[in-house]
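Dumped target-v1.cif below, it's mmCIF, C-alpha atoms:
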```cif
data_coords
loop_
_atom_site.group_PDB
_atom_site.id
_atom_site.type_symbol
_atom_site.label_atom_id
_atom_site.label_comp_id
_atom_site.auth_asym_id
_atom_site.auth_seq_id
_atom_site.Cartn_x
_atom_site.Cartn_y
_atom_site.Cartn_z
ATOM 1 C CA MET A 1 105.948 -78.350 11.023
ATOM 2 C CA ARG A 2 108.080 -75.351 10.282
ATOM 3 C CA SER A 3 110.280 -75.846 13.334
ATOM 4 C CA SER A 4 111.706 -79.063 14.734
ATOM 5 C CA LYS A 5 110.383 -78.298 18.208
ATOM 6 C CA PRO A 6 108.047 -80.914 19.665
ATOM 7 C CA ILE A 7 104.279 -80.914 19.293
ATOM 8 C CA LEU A 8 102.529 -80.751 22.656
ATOM 9 C CA LEU A 9 99.471 -83.008 22.661
ATOM 10 C CA VAL A 10 97.022 -82.513 25.520
ATOM 11 C CA GLU A 11 94.633 -85.456 25.472
ATOM 12 C CA ASP A 12 93.168 -87.583 28.275
ATOM 13 C CA ASP A 13 92.236 -90.531 26.067
ATOM 14 C CA ASN A 14 95.161 -92.830 25.466
ATOM 15 C CA VAL A 15 93.641 -94.411 22.355
ATOM 16 C CA ASP A 16 93.093 -90.973 20.792
ATOM 17 C CA ALA A 17 96.669 -90.007 21.637
ATOM 18 C CA ILE A 18 97.955 -93.158 19.956
ATOM 19 C CA THR A 19 95.876 -92.306 16.867
ATOM 20 C CA VAL A 20 97.446 -88.833 16.664
ATOM 21 C CA ARG A 21 100.927 -90.344 17.004
ATOM 22 C CA ARG A 22 100.192 -92.921 14.334
ATOM 23 C CA ALA A 23 98.736 -90.343 11.929
ATOM 24 C CA LEU A 24 101.726 -88.023 12.323
ATOM 25 C CA LYS A 25 104.034 -90.976 11.778
ATOM 26 C CA ASP A 26 102.118 -92.006 8.641
ATOM 27 C CA LEU A 27 102.513 -88.426 7.410
ATOM 28 C CA ASN A 28 106.266 -88.539 8.109
ATOM 29 C CA VAL A 29 106.056 -85.536 10.412
ATOM 30 C CA PRO A 30 109.482 -85.612 12.084
ATOM 31 C CA ASN A 31 108.598 -83.554 15.176
ATOM 32 C CA GLY A 32 108.640 -85.287 18.537
ATOM 33 C CA ILE A 33 105.338 -85.565 20.381
ATOM 34 C CA VAL A 34 105.041 -84.704 24.049
ATOM 35 C CA HIS A 35 101.820 -86.155 25.414
ATOM 36 C CA GLN A 36 100.175 -84.749 28.538
ATOM 37 C CA PHE A 37 96.914 -86.114 29.897
ATOM 38 C CA ASP A 38 95.200 -82.896 31.012
ATOM 39 C CA GLY A 39 95.593 -79.136 31.271
ATOM 40 C CA GLU A 40 97.299 -79.313 34.636
ATOM 41 C CA ASP A 41 100.005 -81.710 33.441
ATOM 42 C CA ALA A 42 100.449 -79.655 30.271
ATOM 43 C CA LEU A 43 100.936 -76.495 32.331
ATOM 44 C CA LYS A 44 103.483 -78.224 34.541
ATOM 45 C CA TYR A 45 105.376 -79.278 31.437
ATOM 46 C CA LEU A 46 105.312 -75.773 29.958
ATOM 47 C CA MET A 47 106.321 -74.111 33.219
ATOM 48 C CA SER A 48 109.170 -76.489 33.983
ATOM 49 C CA ASN A 49 110.635 -76.727 30.539
ATOM 50 C CA ASP A 50 112.594 -74.237 28.494
ATOM 51 C CA LYS A 51 111.896 -76.097 25.304
ATOM 52 C CA ARG A 52 108.807 -74.544 23.804
ATOM 53 C CA PRO A 53 106.566 -76.663 21.599
ATOM 54 C CA CYS A 54 105.961 -75.536 18.022
ATOM 55 C CA VAL A 55 102.203 -75.923 18.463
ATOM 56 C CA ILE A 56 99.766 -77.278 21.041
ATOM 57 C CA LEU A 57 97.081 -79.754 19.971
ATOM 58 C CA LEU A 58 94.380 -79.520 22.601
ATOM 59 C CA ASP A 59 91.429 -81.705 23.487
ATOM 60 C CA LEU A 60 88.604 -79.908 25.320
ATOM 61 C CA ASN A 61 86.911 -82.454 27.541
ATOM 62 C CA MET A 62 89.465 -83.614 30.062
ATOM 63 C CA PRO A 63 89.352 -84.278 33.816
ATOM 64 C CA ARG A 64 91.025 -81.975 36.378
ATOM 65 C CA MET A 65 91.734 -79.057 34.051
ATOM 66 C CA ASN A 66 89.834 -79.005 30.768
ATOM 67 C CA GLY A 67 90.922 -77.344 27.541
ATOM 68 C CA ILE A 68 89.109 -74.047 28.069
ATOM 69 C CA ASN A 69 90.574 -73.570 31.568
ATOM 70 C CA PHE A 70 93.995 -74.414 30.186
ATOM 71 C CA LEU A 71 93.546 -71.764 27.464
ATOM 72 C CA LYS A 72 92.443 -69.220 30.078
ATOM 73 C CA ILE A 73 95.787 -69.617 31.859
ATOM 74 C CA ILE A 74 98.233 -69.796 28.974
ATOM 75 C CA LYS A 75 96.606 -66.969 27.009
ATOM 76 C CA ASN A 76 97.161 -64.719 30.040
ATOM 77 C CA ASP A 77 100.843 -65.626 30.239
ATOM 78 C CA ASP A 78 102.964 -63.187 28.296
ATOM 79 C CA GLU A 79 105.411 -65.866 27.177
ATOM 80 C CA LEU A 80 103.147 -68.887 26.642
ATOM 81 C CA LYS A 81 100.404 -67.002 24.821
ATOM 82 C CA GLN A 82 102.496 -66.911 21.647
ATOM 83 C CA ILE A 83 102.258 -70.649 21.060
ATOM 84 C CA PRO A 84 99.571 -71.483 18.485
ATOM 85 C CA VAL A 85 96.901 -73.715 20.023
ATOM 86 C CA ILE A 86 94.764 -75.887 17.783
ATOM 87 C CA VAL A 87 91.711 -77.542 19.308
ATOM 88 C CA ILE A 88 91.175 -81.159 18.251
ATOM 89 C CA THR A 89 87.909 -82.415 19.629
ATOM 90 C CA THR A 90 84.724 -84.373 18.999
ATOM 91 C CA SER A 91 82.680 -81.437 20.356
ATOM 92 C CA LYS A 92 80.623 -79.531 17.797
ATOM 93 C CA ASP A 93 79.113 -77.473 20.594
ATOM 94 C CA GLU A 94 78.745 -73.802 19.625
ATOM 95 C CA ARG A 95 79.693 -72.730 23.164
ATOM 96 C CA ASP A 96 82.993 -74.624 22.911
ATOM 97 C CA LYS A 97 83.794 -72.928 19.582
ATOM 98 C CA MET A 98 82.907 -69.493 20.975
ATOM 99 C CA ASP A 99 85.009 -70.029 24.108
ATOM 100 C CA SER A 100 87.966 -71.457 22.192
ATOM 101 C CA PHE A 101 88.078 -68.627 19.644
ATOM 102 C CA GLY A 102 87.475 -66.214 22.518
ATOM 103 C CA PHE A 103 90.874 -67.392 23.740
ATOM 104 C CA SER A 104 92.302 -66.995 20.242
ATOM 105 C CA VAL A 105 92.850 -70.577 19.213
ATOM 106 C CA ALA A 106 94.524 -70.896 15.831
ATOM 107 C CA GLY A 107 92.191 -73.605 14.554
ATOM 108 C CA TYR A 108 89.380 -75.891 15.678
ATOM 109 C CA ILE A 109 89.303 -79.325 14.148
ATOM 110 C CA ILE A 110 86.624 -81.948 14.633
ATOM 111 C CA LYS A 111 88.168 -85.361 15.190
ATOM 112 C CA SER A 112 86.975 -87.700 12.525
ATOM 113 C CA THR A 113 86.222 -91.253 13.631
ATOM 114 C CA ASP A 114 87.333 -92.413 10.207
ATOM 115 C CA TYR A 115 91.111 -92.863 10.341
ATOM 116 C CA LYS A 116 91.741 -91.862 6.718
ATOM 117 C CA LYS A 117 89.794 -88.629 7.164
ATOM 118 C CA PHE A 118 91.620 -87.953 10.403
ATOM 119 C CA VAL A 119 94.987 -88.368 8.668
ATOM 120 C CA GLU A 120 93.804 -85.986 5.941
ATOM 121 C CA SER A 121 92.922 -83.379 8.623
ATOM 122 C CA LEU A 122 96.341 -83.675 10.223
ATOM 123 C CA LYS A 123 97.955 -83.483 6.800
ATOM 124 C CA ILE A 124 96.307 -80.102 6.174
ATOM 125 C CA LEU A 125 97.216 -78.977 9.697
ATOM 126 C CA ASN A 126 100.854 -79.923 9.077
ATOM 127 C CA LEU A 127 100.894 -78.194 5.660
ATOM 128 C CA TYR A 128 99.529 -74.994 7.176
ATOM 129 C CA TRP A 129 101.948 -74.919 10.110
ATOM 130 C CA THR A 130 104.818 -75.663 7.754
ATOM 131 C CA LEU A 131 103.800 -72.718 5.570
ATOM 132 C CA SER A 132 103.234 -70.408 8.533
ATOM 133 C CA GLU A 133 106.087 -69.073 10.590
ATOM 134 C CA LEU A 134 106.065 -70.045 14.261
ATOM 135 C CA PRO A 135 106.915 -67.966 17.329
ATOM 136 C CA TYR A 136 109.871 -70.151 18.316
ATOM 137 C CA THR A 137 112.411 -70.814 15.619
ATOM 138 C CA ASP A 138 115.106 -73.480 15.598
ATOM 139 C CA VAL A 139 117.984 -71.061 16.092
ATOM 140 C CA MET B 140 86.855 -71.269 3.184
ATOM 141 C CA ARG B 141 84.421 -73.120 5.379
ATOM 142 C CA ASP B 142 81.502 -70.832 4.607
ATOM 143 C CA CYS B 143 80.563 -67.978 2.308
ATOM 144 C CA ARG B 144 81.394 -64.995 4.451
ATOM 145 C CA PRO B 145 83.807 -62.473 2.913
ATOM 146 C CA ILE B 146 87.573 -62.496 3.394
ATOM 147 C CA LEU B 147 88.830 -59.149 4.700
ATOM 148 C CA LEU B 148 92.180 -58.119 3.249
ATOM 149 C CA LEU B 149 94.217 -55.294 4.800
ATOM 150 C CA GLU B 150 96.740 -54.299 2.172
ATOM 151 C CA ASP B 151 97.931 -50.835 1.203
ATOM 152 C CA ASP B 152 99.634 -51.958 -2.000
ATOM 153 C CA THR B 153 97.181 -52.237 -4.892
ATOM 154 C CA VAL B 154 99.385 -54.622 -6.883
ATOM 155 C CA ASP B 155 99.692 -56.981 -3.893
ATOM 156 C CA ALA B 156 95.944 -56.795 -3.306
ATOM 157 C CA MET B 157 95.342 -57.698 -6.945
ATOM 158 C CA ALA B 158 97.665 -60.702 -6.629
ATOM 159 C CA VAL B 159 95.564 -61.977 -3.685
ATOM 160 C CA LYS B 160 92.379 -61.467 -5.664
ATOM 161 C CA ARG B 161 93.797 -63.248 -8.677
ATOM 162 C CA ALA B 162 95.159 -66.165 -6.610
ATOM 163 C CA LEU B 163 91.790 -66.694 -4.912
ATOM 164 C CA LYS B 164 90.106 -66.620 -8.310
ATOM 165 C CA ASP B 165 92.595 -69.121 -9.739
ATOM 166 C CA LEU B 166 91.859 -71.377 -6.753
ATOM 167 C CA HIS B 167 88.094 -71.012 -7.304
ATOM 168 C CA VAL B 168 87.625 -69.633 -3.810
ATOM 169 C CA SER B 169 84.184 -68.116 -4.081
ATOM 170 C CA ASN B 170 84.216 -65.950 -0.931
ATOM 171 C CA PRO B 171 83.999 -62.268 -1.756
ATOM 172 C CA LEU B 172 87.194 -60.352 -1.075
ATOM 173 C CA VAL B 173 86.814 -57.053 0.770
ATOM 174 C CA ARG B 174 89.968 -55.020 0.519
ATOM 175 C CA VAL B 175 90.849 -52.091 2.748
ATOM 176 C CA ALA B 176 94.098 -50.117 2.676
ATOM 177 C CA ASN B 177 94.915 -49.911 6.403
ATOM 178 C CA GLY B 178 93.874 -50.806 9.945
ATOM 179 C CA GLU B 179 91.693 -47.761 10.358
ATOM 180 C CA GLU B 180 89.564 -48.596 7.320
ATOM 181 C CA ALA B 181 89.372 -52.203 8.495
ATOM 182 C CA LEU B 182 87.934 -51.130 11.860
ATOM 183 C CA VAL B 183 85.348 -48.945 10.133
ATOM 184 C CA TYR B 184 84.283 -51.934 8.025
ATOM 185 C CA LEU B 185 84.263 -54.374 10.950
ATOM 186 C CA ARG B 186 82.244 -52.059 13.183
ATOM 187 C CA ASP B 187 79.599 -51.388 10.543
ATOM 188 C CA ASP B 188 76.735 -53.704 11.495
ATOM 189 C CA SER B 189 75.266 -53.541 8.005
ATOM 190 C CA LYS B 190 78.388 -55.311 6.701
ATOM 191 C CA GLU B 191 78.837 -59.023 7.027
ATOM 192 C CA LYS B 192 81.682 -60.008 9.340
ATOM 193 C CA PRO B 193 84.514 -61.801 7.531
ATOM 194 C CA CYS B 194 85.402 -65.471 8.027
ATOM 195 C CA VAL B 195 89.084 -64.573 8.222
ATOM 196 C CA ILE B 196 91.250 -61.455 8.128
ATOM 197 C CA LEU B 197 94.404 -61.453 5.991
ATOM 198 C CA LEU B 198 96.633 -58.585 6.973
ATOM 199 C CA ASP B 199 99.760 -56.894 5.823
ATOM 200 C CA LEU B 200 101.920 -55.349 8.559
ATOM 201 C CA ASN B 201 103.440 -52.252 7.032
ATOM 202 C CA MET B 202 100.609 -49.871 6.229
ATOM 203 C CA PRO B 203 100.151 -46.132 6.663
ATOM 204 C CA LYS B 204 97.786 -44.563 9.242
ATOM 205 C CA MET B 205 97.193 -47.715 11.284
ATOM 206 C CA ASN B 206 99.564 -50.626 10.699
ATOM 207 C CA GLY B 207 98.942 -54.337 11.230
ATOM 208 C CA ILE B 208 100.210 -54.507 14.819
ATOM 209 C CA GLU B 209 98.183 -51.478 15.891
ATOM 210 C CA PHE B 210 95.119 -52.950 14.210
ATOM 211 C CA LEU B 211 95.560 -56.309 15.991
ATOM 212 C CA LYS B 212 95.867 -54.559 19.362
ATOM 213 C CA VAL B 213 92.454 -52.958 18.857
ATOM 214 C CA ALA B 214 90.685 -55.892 17.171
ATOM 215 C CA LYS B 215 91.873 -58.494 19.689
ATOM 216 C CA ALA B 216 90.683 -56.349 22.592
ATOM 217 C CA ASP B 217 87.221 -55.978 21.052
ATOM 218 C CA GLU B 218 84.729 -58.551 22.330
ATOM 219 C CA LYS B 219 82.862 -58.561 19.008
ATOM 220 C CA LEU B 220 85.918 -58.891 16.783
ATOM 221 C CA LYS B 221 88.448 -60.925 18.711
ATOM 222 C CA ARG B 222 87.121 -64.298 17.556
ATOM 223 C CA ILE B 223 87.817 -63.676 13.880
ATOM 224 C CA PRO B 224 91.042 -65.478 12.917
ATOM 225 C CA ALA B 225 93.690 -63.013 11.715
ATOM 226 C CA ILE B 226 96.466 -64.287 9.467
ATOM 227 C CA VAL B 227 99.480 -62.108 8.757
ATOM 228 C CA LEU B 228 100.491 -62.041 5.087
ATOM 229 C CA THR B 229 103.655 -60.048 4.734
ATOM 230 C CA THR B 230 107.095 -59.773 3.189
ATOM 231 C CA SER B 231 108.565 -59.046 6.635
ATOM 232 C CA LYS B 232 110.855 -61.684 8.063
ATOM 233 C CA ASP B 233 111.525 -59.505 11.068
ATOM 234 C CA ASP B 234 111.717 -61.508 14.321
ATOM 235 C CA GLN B 235 110.101 -58.696 16.278
ATOM 236 C CA ASP B 236 107.113 -58.686 13.932
ATOM 237 C CA ARG B 237 106.727 -62.427 14.211
ATOM 238 C CA VAL B 238 106.912 -62.633 17.988
ATOM 239 C CA GLY B 239 104.913 -59.418 18.431
ATOM 240 C CA THR B 240 102.035 -60.627 16.286
ATOM 241 C CA PHE B 241 101.940 -64.130 17.816
ATOM 242 C CA LYS B 242 101.602 -62.414 21.184
ATOM 243 C CA LEU B 243 98.565 -60.665 19.710
ATOM 244 C CA SER B 244 96.957 -64.010 18.997
ATOM 245 C CA ILE B 245 97.296 -64.292 15.259
ATOM 246 C CA ALA B 246 96.283 -67.571 13.647
ATOM 247 C CA GLY B 247 99.177 -67.765 11.184
ATOM 248 C CA PHE B 248 102.117 -65.760 9.833
ATOM 249 C CA VAL B 249 102.793 -66.323 6.165
ATOM 250 C CA VAL B 250 105.749 -64.740 4.422
ATOM 251 C CA LYS B 251 104.557 -63.858 0.931
ATOM 252 C CA PRO B 252 106.521 -65.694 -1.753
ATOM 253 C CA VAL B 253 107.505 -63.349 -4.596
ATOM 254 C CA ASP B 254 106.959 -66.067 -7.176
ATOM 255 C CA TYR B 255 103.283 -66.124 -8.219
ATOM 256 C CA ILE B 256 102.984 -69.920 -8.459
ATOM 257 C CA LYS B 257 104.404 -70.289 -4.957
ATOM 258 C CA PHE B 258 102.097 -67.550 -3.752
ATOM 259 C CA VAL B 259 99.063 -69.405 -5.147
ATOM 260 C CA GLU B 260 100.254 -72.545 -3.360
ATOM 261 C CA ALA B 261 100.452 -70.587 -0.092
ATOM 262 C CA MET B 262 96.913 -69.272 -0.614
ATOM 263 C CA ARG B 263 95.749 -72.802 -1.436
ATOM 264 C CA ILE B 264 97.041 -74.085 1.907
ATOM 265 C CA ILE B 265 95.483 -71.161 3.804
ATOM 266 C CA ASN B 266 92.154 -71.926 2.126
ATOM 267 C CA LEU B 267 92.426 -75.674 2.855
ATOM 268 C CA TYR B 268 93.158 -75.060 6.528
ATOM 269 C CA TRP B 269 90.344 -72.565 7.046
ATOM 270 C CA THR B 270 87.971 -74.892 5.236
ATOM 271 C CA LEU B 271 88.935 -77.695 7.616
ATOM 272 C CA SER B 272 88.762 -75.578 10.773
ATOM 273 C CA GLU B 273 85.424 -74.886 12.424
ATOM 274 C CA GLN B 274 84.468 -71.385 13.498
ATOM 275 C CA PRO B 275 81.784 -69.970 15.762
ATOM 276 C CA ASN B 276 78.520 -69.246 13.967
ATOM 277 C CA ASN B 277 77.081 -66.396 15.911
ATOM 278 C CA GLU B 278 78.509 -63.301 14.282
ATOM 279 C CA ARG B 279 77.443 -64.423 10.892
ATOM 280 C CA GLU B 280 73.941 -65.372 11.941
ATOM 281 C CA SER B 281 73.365 -62.103 13.685
ATOM 282 C CA THR B 282 74.350 -60.152 10.604
ATOM 283 C CA ASN B 283 72.880 -62.286 7.910
ATOM 284 C CA GLU B 284 69.657 -64.148 8.440
ATOM 285 C CA LYS B 285 69.494 -65.098 4.825
ATOM 286 C CA LEU B 286 72.481 -67.386 5.253
ATOM 287 C CA GLN B 287 70.867 -69.019 8.238
ATOM 288 C CA ALA B 288 67.769 -69.779 6.231
ATOM 289 C CA ASN B 289 69.831 -71.329 3.476
ATOM 290 C CA THR B 290 71.735 -73.620 5.738
ATOM 291 C CA ALA B 291 70.905 -77.132 6.789
ATOM 292 C CA GLY B 292 73.304 -77.501 9.691
ATOM 293 C CA GLY B 293 73.796 -73.828 10.424
ATOM 294 C CA ARG B 294 76.314 -73.429 7.651
ATOM 295 C CA ARG B 295 76.026 -72.877 3.945
ATOM 296 C CA GLN B 296 78.545 -74.521 1.681
ATOM 297 C CA CYS B 297 80.033 -72.395 -1.061
#
```
Starting from the coordinates I provided, produce the structure as structure tokens.
Amino acid sequence: MRSSKPILLVEDDNVDAITVRRALKDLNVPNGIVHQFDGEDALKYLMSNDKRPCVILLDLNMPRMNGINFLKIIKNDDELKQIPVIVITTSKDERDKMDSFGFSVAGYIIKSTDYKKFVESLKILNLYWTLSELPYTDV
Amino acid sequence: MRDCRPILLLEDDTVDAMAVKRALKDLHVSNPLVRVANGEEALVYLRDDSKEKPCVILLDLNMPKMNGIEFLKVAKADEKLKRIPAIVLTTSKDDQDRVGTFKLSIAGFVVKPVDYIKFVEAMRIINLYWTLSEQPNNERESTNEKLQANTAGGRRQC
């Protein structure tokens, strides 16, 4: 990533979260990963912490507060709305894509069940967010 | 890009616009490039229902008449346009521009490298990412039934 700030991963499935961690490690992405299990926990983290993540990787189907409801809240917050949010999901549902882009996500990636393909997706994601500037710089 | 819809480029400088065109050609990106010179012209294009909506918008910030920030304010408040990913492509390293545009929900902020080879590499990464990322189908289908007919899973490959 372009900044050394942590990546916020919002994902209820522990196995999926471990896969993301492993893929980023295999890609030598040096950013720390902060894992929260649902939208509510992620919000608590963002509200209680001055350290802003470089990007948010967001699952959609989660208990308590799902991805869309999480987006609804942070995209109405003048400070938090700057953070690029990339949806990472197994959902190919048109409604989910419409709703996510309606809340201005900065990417929507279908989780591949094949690990190699998944690593390739995260590689492209990392390349792009290393090329692109980010709202919060390291200074 | 993920499908064959055009790429909309907002760029007032003809030489810069030609560099984008050339880079996309060198990368064999087959999406048509629609170039407009400012935000006002972009809105005219985007609101013309006879024109196909773009898959992505690449925009410069400093333009006469309606600049990039003013354009984003209008486009992101428009129910029909707000879902189109907008990527800033600029020479500006201004902090205000960066923060201001991220607050307007841009999907990337790329500082244009002056060196052509580096610029092509930047365009290559933009193309890779927006080929990987899904996008909603509806705008395209409503404007172009031909594409729908050509597609197996709702999406035609280029």
query: What is the CA of Val175 (chain B)-CA of Leu149 (chain B) distance in Å, reported with one decimal?
result: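 Taking CA of Val175 (chain B) and CA of Leu149 (chain B), their separation equals 5.1 Å.
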Ser104 (chain A) surroundings by only C-alpha atoms, 9 Å radius, close-in-sequence under 3 positions cut, as a short mmCIF file (atom, residue, chain, number, x, y, z; two decimals) with C-alpha atoms, in the coordinates of the input:
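Saved the output as around.cif:
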```cif
data_model
loop_
_atom_site.label_atom_id
_atom_site.label_comp_id
_atom_site.auth_asym_id
_atom_site.auth_seq_id
_atom_site.Cartn_x
_atom_site.Cartn_y
_atom_site.Cartn_z
CA LEU A 71 93.55 -71.76 27.46
CA LYS A 75 96.61 -66.97 27.01
CA PRO A 84 99.57 -71.48 18.48
CA VAL A 85 96.90 -73.72 20.02
CA ASP A 99 85.01 -70.03 24.11
CA SER A 100 87.97 -71.46 22.19
CA PHE A 101 88.08 -68.63 19.64
CA GLY A 107 92.19 -73.60 14.55
CA LYS B 215 91.87 -58.49 19.69
CA LYS B 221 88.45 -60.92 18.71
CA ARG B 222 87.12 -64.30 17.56
CA ILE B 223 87.82 -63.68 13.88
CA PRO B 224 91.04 -65.48 12.92
CA LEU B 243 98.56 -60.66 19.71
CA SER B 244 96.96 -64.01 19.00
CA ILE B 245 97.30 -64.29 15.26
CA ALA B 246 96.28 -67.57 13.65
#
```
task: Go ahead and compute the interatomic distance for CA of Pro203 (chain B) and CA of Val249 (chain B), in Å to one decimal.
output: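 Rounded to one decimal, the two atoms are 20.4 Å apart.
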task: May I ask for the distance between CA of Ile74 (chain A) and CA of Trp129 (chain A), given in Å to one decimal place?
output: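 So the two atoms, CA of Ile74 (chain A) and CA of Trp129 (chain A), lie 19.9 Å apart.
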- prompt: Any idea which chain B residues end up within 7 Å of chain A if we count all atoms listed in the file, as a ChimeraX atom specification please?
  reply: /B:221-222,237-238,241-242,244,246-249,261,264-265,267-268,271-275
message: With the PyMOL selection byres ((chain B and resi 229) around 6) as the selection, what would be picked from this file? Answer as a list in words, please.
response: Asp199, Leu228, Thr230, Ser231, Val250 and Lys251 of chain B
Distance query Leu197 (chain B) at most 7 Å, all atoms listed in the file, self and fewer than 2 positions along chain excluded, as a compact mmCIF listing (two decimals) with C-alpha atoms, keeping the file's coordinate frame:
```txt
# COMPACT_ATOMS: atom_id res chain seq x y z
CA LEU B 147 88.83 -59.15 4.70
CA LEU B 148 92.18 -58.12 3.25
CA LEU B 149 94.22 -55.29 4.80
CA VAL B 195 89.08 -64.57 8.22
CA ALA B 225 93.69 -63.01 11.72
CA ILE B 226 96.47 -64.29 9.47
CA VAL B 227 99.48 -62.11 8.76
CA LEU B 228 100.49 -62.04 5.09
```
Specify the axis-aligned box that encloses all atoms of region 129-137 of chain A listed in the file after padding of 5 Å on each side, stating its centre and edge lengths in Å to one decimal as lines of an AutoDock Vina configuration file.
```
center_x = 107.2
center_y = -71.8
center_z = 11.9
size_x = 20.5
size_y = 17.7
size_z = 22.7
```
Please write the residues picked by the PyMOL selection byres ((chain A and resi 26) around 12) on this file as a compact mmCIF listing (two decimals) with C-alpha atoms, keeping the file's coordinate frame.
```
# COMPACT_ATOMS: atom_id res chain seq x y z
CA THR A 19 95.88 -92.31 16.87
CA VAL A 20 97.45 -88.83 16.66
CA ARG A 21 100.93 -90.34 17.00
CA ARG A 22 100.19 -92.92 14.33
CA ALA A 23 98.74 -90.34 11.93
CA LEU A 24 101.73 -88.02 12.32
CA LYS A 25 104.03 -90.98 11.78
CA LEU A 27 102.51 -88.43 7.41
CA ASN A 28 106.27 -88.54 8.11
CA VAL A 29 106.06 -85.54 10.41
CA PRO A 30 109.48 -85.61 12.08
CA TYR A 115 91.11 -92.86 10.34
CA LYS A 116 91.74 -91.86 6.72
CA PHE A 118 91.62 -87.95 10.40
CA VAL A 119 94.99 -88.37 8.67
CA GLU A 120 93.80 -85.99 5.94
CA LEU A 122 96.34 -83.68 10.22
CA LYS A 123 97.96 -83.48 6.80
```
task: Measuring atom to atom with all atoms listed in the file, identify which of A:Val10, A:Ile18, A:Ile73, A:Met1 is nearest to Asn61 (chain A).
output: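 So, comparing all the options, the nearest one is A:Val10.
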- request: Excluding Arg52 (chain A) and any residue of its chain fewer than 5 positions from it, enumerate the residues within 8 Å of it, using only C-alpha atoms, and give them as a PyMOL selection string.
  value: chain A and resi 5-6+46+136
task: Please identify all polymer residues within 10 Å of Lys219 (chain B), counting only C-alpha atoms, omitting same-chain residues fewer than 6 positions from it, and present them as a list in words.
output: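 Contacts, in chain order: Gly102 of chain A; Leu185, Arg186, Lys192 and Glu278 of chain B.
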message: I'd like the contact shell of Ala17 (chain A) - 12 Å cut-off, only C-alpha atoms, skipping same-chain residues fewer than 6 positions apart - returned as a list in words.
response: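 Counting only the stated atoms, we get Leu8, Leu9, Val10, Glu11, Ala23, Leu24, Ile33, Val34, His35, Gln36, Phe37, Asp38, Leu57, Leu58, Asp59, Ile88, Thr89 and Lys111 of chain A.
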field: the PyMOL selection byres ((chain B and resi 194) around 6) resolved against shown file, as a ChimeraX atom specification
entry: /B:144,146,193,195
- prompt: Smallest atom-to-atom distance to Lys51 (chain A): which of A:Gly32, A:Ser91, A:Asn14, A:Gly39, using only C-alpha atoms?
  reply: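 Between A:Gly32, A:Ser91, A:Asn14, A:Gly39, the residue approaching Lys51 (chain A) most closely is A:Gly32.
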